[in-house]
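Source file: final_13.tsv; contents: TSV, C-alpha atoms.
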```tsv
chain	number	residue	atom	x	y	z
I	1	MET	CA	-26.10	-23.83	10.99
I	2	ILE	CA	-24.98	-27.24	9.85
I	3	SER	CA	-21.35	-27.87	10.71
I	4	MET	CA	-18.97	-29.76	8.48
I	5	LYS	CA	-18.53	-32.28	11.30
I	6	GLN	CA	-22.20	-33.12	11.12
I	7	LEU	CA	-21.98	-33.59	7.40
I	8	THR	CA	-18.85	-35.72	7.51
I	9	GLY	CA	-19.58	-39.10	6.06
I	10	ARG	CA	-22.91	-37.97	4.67
I	11	PRO	CA	-22.17	-36.57	1.24
I	12	TRP	CA	-25.82	-36.88	0.26
I	13	LEU	CA	-26.78	-34.67	3.16
I	14	ALA	CA	-24.15	-32.16	2.19
I	15	GLY	CA	-25.73	-32.26	-1.27
I	16	LEU	CA	-29.15	-31.55	0.22
I	17	VAL	CA	-27.76	-28.60	2.10
I	18	ALA	CA	-26.13	-27.35	-1.08
I	19	ILE	CA	-29.47	-27.75	-2.88
I	20	ALA	CA	-31.17	-25.82	-0.10
I	21	GLY	CA	-28.59	-23.07	-0.46
I	22	PHE	CA	-29.00	-23.08	-4.21
I	23	ALA	CA	-32.77	-22.95	-3.82
I	24	ALA	CA	-32.39	-19.90	-1.59
I	25	THR	CA	-30.11	-18.18	-4.06
I	26	PHE	CA	-32.36	-19.11	-6.97
I	27	ALA	CA	-35.48	-17.98	-5.13
I	28	ALA	CA	-33.81	-14.72	-4.16
I	29	GLY	CA	-32.76	-14.26	-7.77
I	30	ALA	CA	-36.30	-15.02	-8.93
I	31	ALA	CA	-37.63	-12.54	-6.42
I	32	ASP	CA	-35.21	-9.95	-7.78
I	33	ALA	CA	-36.23	-10.83	-11.33
I	34	GLN	CA	-39.86	-10.43	-10.41
I	35	ALA	CA	-39.07	-7.18	-8.72
I	36	ALA	CA	-37.16	-5.86	-11.74
I	37	PRO	CA	-40.08	-5.36	-14.18
I	38	SER	CA	-42.29	-4.15	-11.39
I	39	ALA	CA	-39.65	-1.51	-10.71
I	40	THR	CA	-40.65	0.11	-13.96
I	41	ALA	CA	-44.23	-0.14	-12.82
I	42	ALA	CA	-43.10	1.34	-9.49
I	43	PRO	CA	-44.50	-1.31	-7.07
I	44	PRO	CA	-43.64	-1.00	-3.41
I	45	ALA	CA	-40.06	-2.13	-2.76
I	46	SER	CA	-41.18	-3.73	0.48
I	47	ALA	CA	-43.06	-6.44	-1.49
I	48	ALA	CA	-39.82	-7.80	-2.94
I	49	ALA	CA	-38.12	-7.59	0.44
I	50	ASP	CA	-41.01	-9.50	2.05
I	51	ALA	CA	-40.80	-12.19	-0.63
I	52	THR	CA	-37.05	-12.58	-0.07
I	53	ARG	CA	-37.55	-12.73	3.68
I	54	GLY	CA	-40.20	-15.41	3.25
I	55	VAL	CA	-37.91	-17.55	1.12
I	56	ASP	CA	-35.11	-17.06	3.62
I	57	GLN	CA	-37.34	-18.26	6.44
I	58	ASP	CA	-38.36	-21.31	4.39
I	59	VAL	CA	-34.71	-22.15	3.82
I	60	GLN	CA	-33.94	-21.79	7.52
I	61	VAL	CA	-36.81	-24.18	8.33
I	62	LEU	CA	-35.51	-26.62	5.72
I	63	LYS	CA	-32.00	-26.43	7.18
I	64	LYS	CA	-33.33	-27.06	10.68
I	65	GLN	CA	-35.20	-30.11	9.41
I	66	LEU	CA	-31.97	-31.36	7.84
I	67	VAL	CA	-30.08	-30.90	11.10
I	68	ASP	CA	-32.80	-32.82	12.96
I	69	LEU	CA	-32.72	-35.57	10.34
I	70	ASN	CA	-28.94	-35.75	10.58
I	71	ARG	CA	-29.12	-36.04	14.38
I	72	ASP	CA	-31.70	-38.84	14.13
I	73	LEU	CA	-29.53	-40.65	11.60
I	74	PHE	CA	-26.50	-40.38	13.88
I	75	LYS	CA	-28.52	-41.87	16.75
I	76	LEU	CA	-29.81	-44.63	14.48
I	77	GLU	CA	-26.31	-45.32	13.20
I	78	GLU	CA	-24.99	-45.61	16.74
I	79	GLU	CA	-27.82	-47.91	17.75
I	80	LEU	CA	-27.16	-50.14	14.74
I	81	LEU	CA	-23.36	-50.21	15.00
I	82	TYR	CA	-23.24	-50.39	18.78
I	83	PRO	CA	-26.44	-52.02	20.01
I	84	ALA	CA	-27.20	-51.58	23.68
I	85	SER	CA	-26.81	-55.32	24.25
I	86	THR	CA	-23.10	-55.27	23.36
I	87	GLN	CA	-22.08	-51.63	23.66
I	88	VAL	CA	-19.09	-50.61	25.73
I	89	ALA	CA	-17.99	-46.99	25.98
I	90	VAL	CA	-14.84	-45.77	27.70
I	91	PHE	CA	-14.55	-42.18	28.89
I	92	LEU	CA	-11.62	-40.25	30.26
I	93	SER	CA	-11.71	-37.47	32.84
I	94	VAL	CA	-9.13	-35.53	34.81
I	95	ASP	CA	-9.74	-34.24	38.30
I	96	VAL	CA	-7.27	-31.46	39.16
I	97	GLY	CA	-4.25	-33.26	37.70
I	98	THR	CA	-1.60	-31.22	39.52
I	99	PHE	CA	0.79	-34.14	39.77
I	100	PHE	CA	0.45	-35.46	36.25
I	101	ALA	CA	0.65	-33.83	32.81
I	102	LEU	CA	-1.18	-36.15	30.45
I	103	ASP	CA	0.53	-37.00	27.18
I	104	SER	CA	-1.16	-40.14	25.89
I	105	VAL	CA	-3.47	-42.99	26.78
I	106	THR	CA	-3.38	-46.48	25.36
I	107	LEU	CA	-6.41	-48.67	25.92
I	108	LYS	CA	-6.37	-52.45	25.67
I	109	ILE	CA	-9.33	-54.77	25.92
I	110	ASP	CA	-8.52	-58.44	26.35
I	111	ASP	CA	-4.89	-57.67	25.49
I	112	LYS	CA	-5.82	-56.06	22.17
I	113	GLU	CA	-5.07	-52.37	21.65
I	114	VAL	CA	-8.32	-50.64	20.76
I	115	ALA	CA	-7.39	-47.00	21.24
I	116	HIS	CA	-4.29	-44.85	21.44
I	117	TYR	CA	-4.68	-41.14	21.88
I	118	LEU	CA	-2.13	-38.34	21.96
I	119	TYR	CA	-3.32	-35.24	23.79
I	120	THR	CA	-2.50	-31.73	22.69
I	121	ASP	CA	-2.16	-28.90	25.20
I	122	ARG	CA	-5.61	-27.62	24.31
I	123	GLU	CA	-7.19	-31.01	24.86
I	124	VAL	CA	-5.49	-31.36	28.24
I	125	GLN	CA	-6.73	-27.90	29.21
I	126	ALA	CA	-10.25	-28.89	28.18
I	127	LEU	CA	-10.03	-31.99	30.39
I	128	HIS	CA	-8.76	-29.88	33.29
I	129	ARG	CA	-11.77	-27.61	32.85
I	130	GLY	CA	-14.04	-30.58	33.42
I	131	GLY	CA	-14.37	-32.01	29.94
I	132	VAL	CA	-15.01	-35.71	29.56
I	133	GLN	CA	-13.65	-37.44	26.49
I	134	LYS	CA	-15.26	-40.43	24.85
I	135	LEU	CA	-12.09	-42.40	24.22
I	136	TYR	CA	-13.59	-45.57	22.81
I	137	LEU	CA	-16.92	-46.92	21.69
I	138	GLY	CA	-17.21	-50.55	20.67
I	139	ASN	CA	-18.89	-53.88	21.15
I	140	LEU	CA	-18.17	-56.69	23.57
I	141	LYS	CA	-19.96	-59.97	23.92
I	142	ALA	CA	-21.28	-61.07	27.29
I	143	GLY	CA	-18.71	-62.46	29.68
I	144	ARG	CA	-15.63	-61.35	31.59
I	145	HIS	CA	-13.26	-58.91	29.90
I	146	GLU	CA	-10.07	-57.22	31.02
I	147	ILE	CA	-9.74	-53.51	30.33
I	148	VAL	CA	-6.25	-52.07	30.77
I	149	ALA	CA	-5.37	-48.42	30.35
I	150	PHE	CA	-1.82	-47.10	30.15
I	151	PHE	CA	-1.31	-43.44	30.97
I	152	SER	CA	1.84	-41.65	29.82
I	153	GLY	CA	2.97	-38.17	30.67
I	154	LYS	CA	5.02	-36.13	33.08
I	155	GLY	CA	4.71	-36.95	36.75
I	156	PRO	CA	5.98	-35.22	39.88
I	157	HIS	CA	9.26	-33.30	39.41
I	158	ASP	CA	8.65	-33.31	35.65
I	159	ARG	CA	9.75	-36.92	35.32
I	160	ASP	CA	8.47	-39.24	32.62
I	161	TYR	CA	5.61	-41.18	34.15
I	162	ARG	CA	3.80	-44.24	32.88
I	163	ARG	CA	1.18	-46.12	34.82
I	164	GLY	CA	-1.39	-48.76	34.07
I	165	ALA	CA	-4.80	-49.42	35.57
I	166	THR	CA	-6.93	-52.51	35.11
I	167	LEU	CA	-10.60	-53.33	35.39
I	168	LEU	CA	-12.20	-56.73	35.09
I	169	LEU	CA	-15.52	-56.08	33.48
I	170	ASP	CA	-18.38	-58.55	33.65
I	171	LYS	CA	-20.33	-57.76	30.56
I	172	GLU	CA	-23.96	-58.68	30.64
I	173	VAL	CA	-26.77	-57.79	28.31
I	174	GLY	CA	-26.91	-54.03	28.32
I	175	ALA	CA	-24.55	-51.15	27.66
I	176	LYS	CA	-21.53	-50.70	29.88
I	177	TYR	CA	-19.82	-47.39	30.56
I	178	VAL	CA	-16.29	-47.26	31.92
I	179	GLU	CA	-14.47	-44.21	33.18
I	180	LEU	CA	-10.72	-43.70	33.27
I	181	ARG	CA	-10.11	-41.10	35.91
I	182	ILE	CA	-6.90	-39.26	36.67
I	183	SER	CA	-6.88	-37.54	40.03
I	184	ASP	CA	-4.43	-36.33	42.64
I	185	ARG	CA	-3.52	-38.32	45.71
I	186	VAL	CA	-2.67	-35.47	48.03
I	187	THR	CA	-1.35	-37.65	50.82
I	188	SER	CA	1.46	-39.09	48.70
I	189	LEU	CA	1.73	-36.15	46.26
I	190	GLU	CA	1.27	-38.53	43.38
I	191	PRO	CA	-1.31	-38.96	40.65
I	192	GLU	CA	-3.91	-41.66	40.94
I	193	PHE	CA	-5.31	-43.60	38.02
I	194	VAL	CA	-8.64	-45.29	38.41
I	195	VAL	CA	-10.67	-47.40	36.03
I	196	ARG	CA	-14.21	-47.70	37.22
I	197	GLN	CA	-17.53	-48.76	35.88
I	198	TRP	CA	-20.48	-46.40	35.83
I	199	GLU	CA	-23.52	-47.92	37.41
C	1	MET	CA	25.26	-43.24	5.68
C	2	LEU	CA	24.30	-46.89	5.49
C	3	ALA	CA	21.75	-46.39	8.25
C	4	ALA	CA	20.30	-43.37	6.47
C	5	ALA	CA	20.08	-45.29	3.18
C	6	LEU	CA	18.44	-48.21	4.96
C	7	ALA	CA	15.96	-45.84	6.63
C	8	GLY	CA	15.18	-44.37	3.23
C	9	ALA	CA	14.67	-47.80	1.72
C	10	LEU	CA	12.31	-48.69	4.55
C	11	VAL	CA	10.31	-45.48	4.36
C	12	TYR	CA	9.93	-45.23	0.60
C	13	PRO	CA	7.80	-48.36	-0.03
C	14	LEU	CA	5.41	-47.19	2.68
C	15	ILE	CA	4.67	-44.02	0.77
C	16	ALA	CA	3.71	-44.91	-2.76
C	17	ARG	CA	0.48	-43.23	-3.86
C	18	ALA	CA	-0.85	-39.79	-4.72
C	19	ALA	CA	-1.06	-36.99	-2.19
C	20	PRO	CA	-4.42	-35.34	-1.38
C	21	ALA	CA	-5.75	-33.43	-4.39
C	22	ASN	CA	-6.34	-29.71	-4.44
C	23	GLY	CA	-9.65	-28.78	-2.85
C	24	THR	CA	-9.86	-31.88	-0.67
C	25	VAL	CA	-9.80	-31.59	3.10
C	26	ALA	CA	-6.35	-32.34	4.51
C	27	PRO	CA	-6.70	-35.42	6.74
C	28	ASP	CA	-6.38	-34.64	10.41
C	29	PHE	CA	-3.60	-36.13	12.50
C	30	VAL	CA	-1.80	-35.66	15.77
C	31	LEU	CA	1.94	-36.14	16.16
C	32	LYS	CA	4.58	-35.49	18.74
C	33	ALA	CA	7.00	-32.67	18.03
C	34	VAL	CA	10.70	-32.95	18.83
C	35	ASP	CA	10.17	-30.54	21.73
C	36	GLY	CA	7.76	-33.05	23.30
C	37	HIS	CA	4.48	-31.29	22.55
C	38	ASN	CA	1.68	-33.01	20.67
C	39	LEU	CA	0.23	-31.04	17.76
C	40	ARG	CA	-3.04	-31.67	15.95
C	41	LEU	CA	-3.57	-30.30	12.45
C	42	ALA	CA	-7.27	-29.55	13.06
C	43	GLU	CA	-6.33	-27.10	15.81
C	44	TYR	CA	-4.94	-24.81	13.11
C	45	ARG	CA	-8.26	-24.34	11.35
C	46	GLY	CA	-8.58	-20.63	10.71
C	47	ASP	CA	-4.89	-20.32	9.82
C	48	THR	CA	-3.10	-20.93	6.57
C	49	VAL	CA	-0.84	-23.95	7.07
C	50	VAL	CA	2.22	-25.13	5.16
C	51	LEU	CA	2.86	-28.79	5.82
C	52	SER	CA	6.11	-30.29	4.64
C	53	PHE	CA	7.02	-33.96	4.76
C	54	TRP	CA	10.73	-34.66	4.84
C	55	ALA	CA	13.43	-37.15	5.71
C	56	SER	CA	17.03	-36.64	6.75
C	57	TRP	CA	18.39	-38.59	3.75
C	58	CYS	CA	16.57	-36.33	1.27
C	59	GLY	CA	18.63	-33.42	-0.08
C	60	PRO	CA	15.82	-31.32	-1.59
C	61	CYS	CA	13.96	-31.67	1.71
C	62	ARG	CA	16.63	-29.63	3.46
C	63	GLU	CA	16.34	-26.97	0.78
C	64	THR	CA	12.58	-26.84	1.30
C	65	LEU	CA	12.99	-26.61	5.07
C	66	SER	CA	15.43	-23.72	4.63
C	67	GLN	CA	12.93	-21.97	2.38
C	68	LEU	CA	10.15	-22.46	4.91
C	69	ASN	CA	12.46	-21.06	7.56
C	70	THR	CA	12.92	-18.00	5.36
C	71	ILE	CA	9.14	-17.62	5.13
C	72	ALA	CA	8.88	-17.89	8.92
C	73	THR	CA	11.59	-15.27	9.42
C	74	VAL	CA	10.22	-12.83	6.84
C	75	SER	CA	6.53	-13.10	7.69
C	76	GLY	CA	6.89	-13.29	11.47
C	77	THR	CA	3.66	-13.66	13.42
C	78	ASP	CA	1.51	-12.68	10.41
C	79	GLY	CA	2.76	-15.61	8.39
C	80	PRO	CA	1.32	-19.07	7.90
C	81	VAL	CA	1.62	-21.89	10.38
C	82	LEU	CA	4.59	-24.01	9.28
C	83	LEU	CA	4.79	-27.66	10.22
C	84	GLY	CA	7.50	-30.11	9.21
C	85	VAL	CA	6.74	-33.83	9.38
C	86	ASN	CA	9.77	-36.06	9.58
C	87	LEU	CA	9.37	-39.57	8.21
C	88	ASP	CA	12.65	-41.05	9.45
C	89	GLY	CA	10.99	-42.64	12.44
C	90	ASP	CA	13.86	-41.43	14.61
C	91	ALA	CA	13.18	-38.40	16.78
C	92	ALA	CA	16.86	-37.89	17.63
C	93	ARG	CA	17.85	-37.72	13.97
C	94	ALA	CA	14.94	-35.39	13.19
C	95	ARG	CA	15.95	-33.10	16.06
C	96	SER	CA	19.54	-33.11	14.88
C	97	VAL	CA	18.58	-32.00	11.36
C	98	ALA	CA	16.12	-29.41	12.68
C	99	ASP	CA	18.82	-27.98	14.95
C	100	SER	CA	21.43	-27.92	12.22
C	101	LEU	CA	19.03	-25.96	9.96
C	102	HIS	CA	17.96	-23.73	12.89
C	103	LEU	CA	14.31	-24.42	12.11
C	104	SER	CA	12.03	-21.93	13.83
C	105	PHE	CA	8.87	-23.99	13.28
C	106	PRO	CA	7.77	-27.29	14.84
C	107	THR	CA	9.23	-30.55	13.63
C	108	LEU	CA	6.80	-33.42	14.08
C	109	VAL	CA	8.00	-37.00	14.14
C	110	ASP	CA	5.92	-39.55	12.27
C	111	SER	CA	7.60	-42.51	13.93
C	112	LYS	CA	5.29	-45.13	12.42
C	113	GLN	CA	4.88	-43.37	9.05
C	114	SER	CA	1.14	-43.46	9.68
C	115	VAL	CA	0.66	-39.86	8.62
C	116	GLY	CA	2.89	-40.46	5.60
C	117	ARG	CA	0.51	-43.23	4.58
C	118	LEU	CA	-2.52	-41.09	5.38
C	119	TYR	CA	-1.23	-38.43	2.97
C	120	ASN	CA	-0.05	-40.99	0.41
C	121	VAL	CA	3.33	-39.36	0.19
C	122	GLU	CA	4.72	-40.38	-3.18
C	123	LYS	CA	7.87	-38.30	-3.38
C	124	LEU	CA	9.91	-36.34	-0.89
C	125	PRO	CA	9.82	-33.56	-0.10
C	126	LEU	CA	6.07	-33.12	-0.20
C	127	THR	CA	4.90	-29.63	0.63
C	128	LEU	CA	1.20	-28.88	1.00
C	129	LEU	CA	-0.45	-25.50	1.30
C	130	ILE	CA	-3.64	-25.73	3.35
C	131	ASP	CA	-6.17	-22.91	3.57
C	132	ARG	CA	-8.09	-21.64	6.61
C	133	ASP	CA	-10.86	-24.16	5.99
C	134	GLY	CA	-8.41	-27.04	6.08
C	135	ARG	CA	-8.46	-27.65	2.32
C	136	VAL	CA	-5.37	-28.38	0.26
C	137	ARG	CA	-4.71	-25.45	-2.08
C	138	GLY	CA	-1.29	-26.35	-3.42
C	139	ALA	CA	1.08	-29.30	-3.49
C	140	TRP	CA	4.72	-29.63	-4.53
C	141	ALA	CA	6.28	-33.09	-4.56
C	142	GLY	CA	9.73	-34.44	-5.33
C	143	ASP	CA	11.49	-31.11	-5.44
C	144	ALA	CA	11.94	-28.04	-3.31
C	145	ALA	CA	8.78	-25.94	-3.34
C	146	PRO	CA	9.32	-22.78	-5.46
C	147	LEU	CA	9.60	-20.03	-2.87
C	148	PRO	CA	8.09	-17.17	-4.97
C	149	GLU	CA	5.09	-19.28	-5.97
C	150	LEU	CA	4.56	-20.53	-2.44
C	151	THR	CA	4.82	-16.99	-1.04
C	152	ARG	CA	2.40	-15.68	-3.66
C	153	GLN	CA	-0.18	-18.36	-2.87
C	154	ILE	CA	0.17	-17.81	0.87
C	155	LYS	CA	-0.45	-14.06	0.39
C	156	GLU	CA	-3.45	-14.85	-1.81
C	157	LEU	CA	-4.96	-17.17	0.81
C	158	ASN	CA	-4.30	-14.74	3.64
C	159	SER	CA	-5.95	-11.89	1.75
C	160	ARG	CA	-9.24	-13.79	1.33
```
Translate the structure described by the file into structure tokens.
Amino acid sequence: MISMKQLTGRPWLAGLVAIAGFAATFAAGAADAQAAPSATAAPPASAAADATRGVDQDVQVLKKQLVDLNRDLFKLEEELLYPASTQVAVFLSVDVGTFFALDSVTLKIDDKEVAHYLYTDREVQALHRGGVQKLYLGNLKAGRHEIVAFFSGKGPHDRDYRRGATLLLDKEVGAKYVELRISDRVTSLEPEFVVRQWE
Amino acid sequence: MLAAALAGALVYPLIARAAPANGTVAPDFVLKAVDGHNLRLAEYRGDTVVLSFWASWCGPCRETLSQLNTIATVSGTDGPVLLGVNLDGDAARARSVADSLHLSFPTLVDSKQSVGRLYNVEKLPLTLLIDRDGRVRGAWAGDAAPLPELTRQIKELNSR
């Protein structure tokens, strides 16, 4: 099935899907209409059912092709908007997170805020289950850049907790992937915030 | 009083266009509630949602909030999800009003009026009825939402 998320921003594709749906309905109707007069001539009912099934299969194939096309377009869009030569992606993950209840993350690149995200309980649970969030996707020219992440939430003893972590990123030609990682420092019973670059 | 009037004067110019039309998808947002939890509208897909924008200086807003509280009390767990969005930009004031009205549903604080702008709030209160697919199915602006009509539409959406 094609989800609404996939169709977001592609009204023409939504239109195509609607046309495919209409075609299925129309074809089914036509099959019924063809079956109607033959009912008086008492043809086998299975013929109409086979015709409907065939149309249904055609529509399913058409929908699959649309999903594939949509996926290819998304990839193309990403390659055009964020070419590999300048692309920078920032991900967030939580490892255990016993000592820190995440509330929000603010991300700054070269002192400019590029992302601010408030986390709901469900989203935090998803991160605790091992989910990795793509927090930011953008472009940076080659050179040295400073990435600063501010983490807000509840720390040990349910106190308000706000920490920052910095990474100096040497951007060359090629995509760069950065991970913001929240983990537990068991020795000091405190959370640890790390910004690291994926090799 | 002066502070409330000033807050109103500051908020009102930020909110001067038409709200989302019926049938359009209600824009998603995430805001912090006065109890400290963050709530995202999209997480209520599958439920009927009543979203009400209000400010402490707005009289009809309090009437609407009281009506929504009545809906929450009458319908219990089978009722719609009720969300109030305060546009004062002051969580303490929003909490104070919510407490004084004994609101039993979450009060979200739109401290930067970003959601108010997203929804093009033209008049307060603005009450939106959102169906299970996240589409706006009813909107009442500038006056308290008529309780019988709102209740009827909620029942209609829930029966689908």
Counting only C-alpha atoms, which residues of chain C come no farther than 8 Å from chain I, as an mmCIF file with C-alpha atoms, keeping the file's coordinate frame?
```cif
data_model
loop_
_atom_site.group_PDB
_atom_site.id
_atom_site.type_symbol
_atom_site.label_atom_id
_atom_site.label_comp_id
_atom_site.auth_asym_id
_atom_site.auth_seq_id
_atom_site.Cartn_x
_atom_site.Cartn_y
_atom_site.Cartn_z
ATOM 1 C CA VAL C 30 -1.800 -35.660 15.770
ATOM 2 C CA LEU C 31 1.940 -36.140 16.160
ATOM 3 C CA LYS C 32 4.580 -35.490 18.740
ATOM 4 C CA HIS C 37 4.480 -31.290 22.550
ATOM 5 C CA ASN C 38 1.680 -33.010 20.670
ATOM 6 C CA LEU C 39 0.230 -31.040 17.760
ATOM 7 C CA ARG C 40 -3.040 -31.670 15.950
#
```
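Using all atoms listed in the file for every distance, the candidate list C:Cys61, C:Val50, C:Ala92, C:Ala141 yields C:Val50 as the residue closest to Phe105 of chain C.
Shell of segment 162-169 of chain I at 7 Å, with only C-alpha atoms counted and residues fewer than 4 places along the chain excluded, is I:Arg144, I:His145, I:Glu146, I:Ile147, I:Val148, I:Ala149, I:Phe150, I:Phe151, I:Ser152, I:Gly153, I:Phe193, I:Val194, I:Val195, I:Arg196.
Neighbours of Trp140 of chain C closer than or equal to 8 Å, with only C-alpha atoms counted and sequence neighbours fewer than 6 positions away skipped, come out as Pro125, Leu126, Thr127 and Leu128 of chain C.
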Quick one: residues within 10 Å of segment 86-94 of chain I, all atoms listed in the file, excluding same-chain residues fewer than 5 positions away - as a tab-separated table (two decimals) with C-alpha atoms, in the coordinates of the input?
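Output below, filename out-v1.tsv:
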```tsv
chain	number	residue	atom	x	y	z
I	78	GLU	CA	-24.99	-45.61	16.74
I	79	GLU	CA	-27.82	-47.91	17.75
I	81	LEU	CA	-23.36	-50.21	15.00
I	100	PHE	CA	0.45	-35.46	36.25
I	102	LEU	CA	-1.18	-36.15	30.45
I	105	VAL	CA	-3.47	-42.99	26.78
I	107	LEU	CA	-6.41	-48.67	25.92
I	115	ALA	CA	-7.39	-47.00	21.24
I	124	VAL	CA	-5.49	-31.36	28.24
I	125	GLN	CA	-6.73	-27.90	29.21
I	126	ALA	CA	-10.25	-28.89	28.18
I	127	LEU	CA	-10.03	-31.99	30.39
I	128	HIS	CA	-8.76	-29.88	33.29
I	129	ARG	CA	-11.77	-27.61	32.85
I	130	GLY	CA	-14.04	-30.58	33.42
I	131	GLY	CA	-14.37	-32.01	29.94
I	132	VAL	CA	-15.01	-35.71	29.56
I	133	GLN	CA	-13.65	-37.44	26.49
I	134	LYS	CA	-15.26	-40.43	24.85
I	135	LEU	CA	-12.09	-42.40	24.22
I	136	TYR	CA	-13.59	-45.57	22.81
I	137	LEU	CA	-16.92	-46.92	21.69
I	138	GLY	CA	-17.21	-50.55	20.67
I	139	ASN	CA	-18.89	-53.88	21.15
I	140	LEU	CA	-18.17	-56.69	23.57
I	141	LYS	CA	-19.96	-59.97	23.92
I	142	ALA	CA	-21.28	-61.07	27.29
I	147	ILE	CA	-9.74	-53.51	30.33
I	171	LYS	CA	-20.33	-57.76	30.56
I	172	GLU	CA	-23.96	-58.68	30.64
I	173	VAL	CA	-26.77	-57.79	28.31
I	174	GLY	CA	-26.91	-54.03	28.32
I	175	ALA	CA	-24.55	-51.15	27.66
I	176	LYS	CA	-21.53	-50.70	29.88
I	177	TYR	CA	-19.82	-47.39	30.56
I	178	VAL	CA	-16.29	-47.26	31.92
I	179	GLU	CA	-14.47	-44.21	33.18
I	180	LEU	CA	-10.72	-43.70	33.27
I	181	ARG	CA	-10.11	-41.10	35.91
I	182	ILE	CA	-6.90	-39.26	36.67
I	183	SER	CA	-6.88	-37.54	40.03
I	184	ASP	CA	-4.43	-36.33	42.64
I	193	PHE	CA	-5.31	-43.60	38.02
I	195	VAL	CA	-10.67	-47.40	36.03
I	196	ARG	CA	-14.21	-47.70	37.22
I	197	GLN	CA	-17.53	-48.76	35.88
I	198	TRP	CA	-20.48	-46.40	35.83
```
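With atom CA of Leu87 of chain C on one side and atom CA of Asp47 of chain C on the other, the separation reads 24.0 Å.
The gap separating atom CA of Leu118 of chain C from atom CA of Asp78 of chain C is 29.1 Å, in Å to one decimal.
Pairwise distance (atom CA of Ser111 of chain C, atom CA of Asp90 of chain C) equals 6.4 Å.
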For this session: Go through C:Glu43, C:Glu63, C:Asp131, C:Asp35 one by one, measure the shortest atom-to-atom distance of each to Asn22 of chain C using only C-alpha atoms, and give the residue with the smallest value.
Result: C:Asp131
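Within the 10 Å cut-off around Arg93 of chain C, using only C-alpha atoms and omitting residues fewer than 4 positions from it on the same chain, the listed residues are C:Ala4, C:Val34, C:Ala55, C:Ser56, C:Asn86, C:Asp88, C:Gly89, C:Val97, C:Ala98, C:Asp99, C:Val109.
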Problem set entry | For Pro20 of chain C: contacts at 10 Å, only C-alpha atoms, fewer than 5 positions along chain excluded, given as a ChimeraX atom specification | /C:25-27,118-121,128,135-139
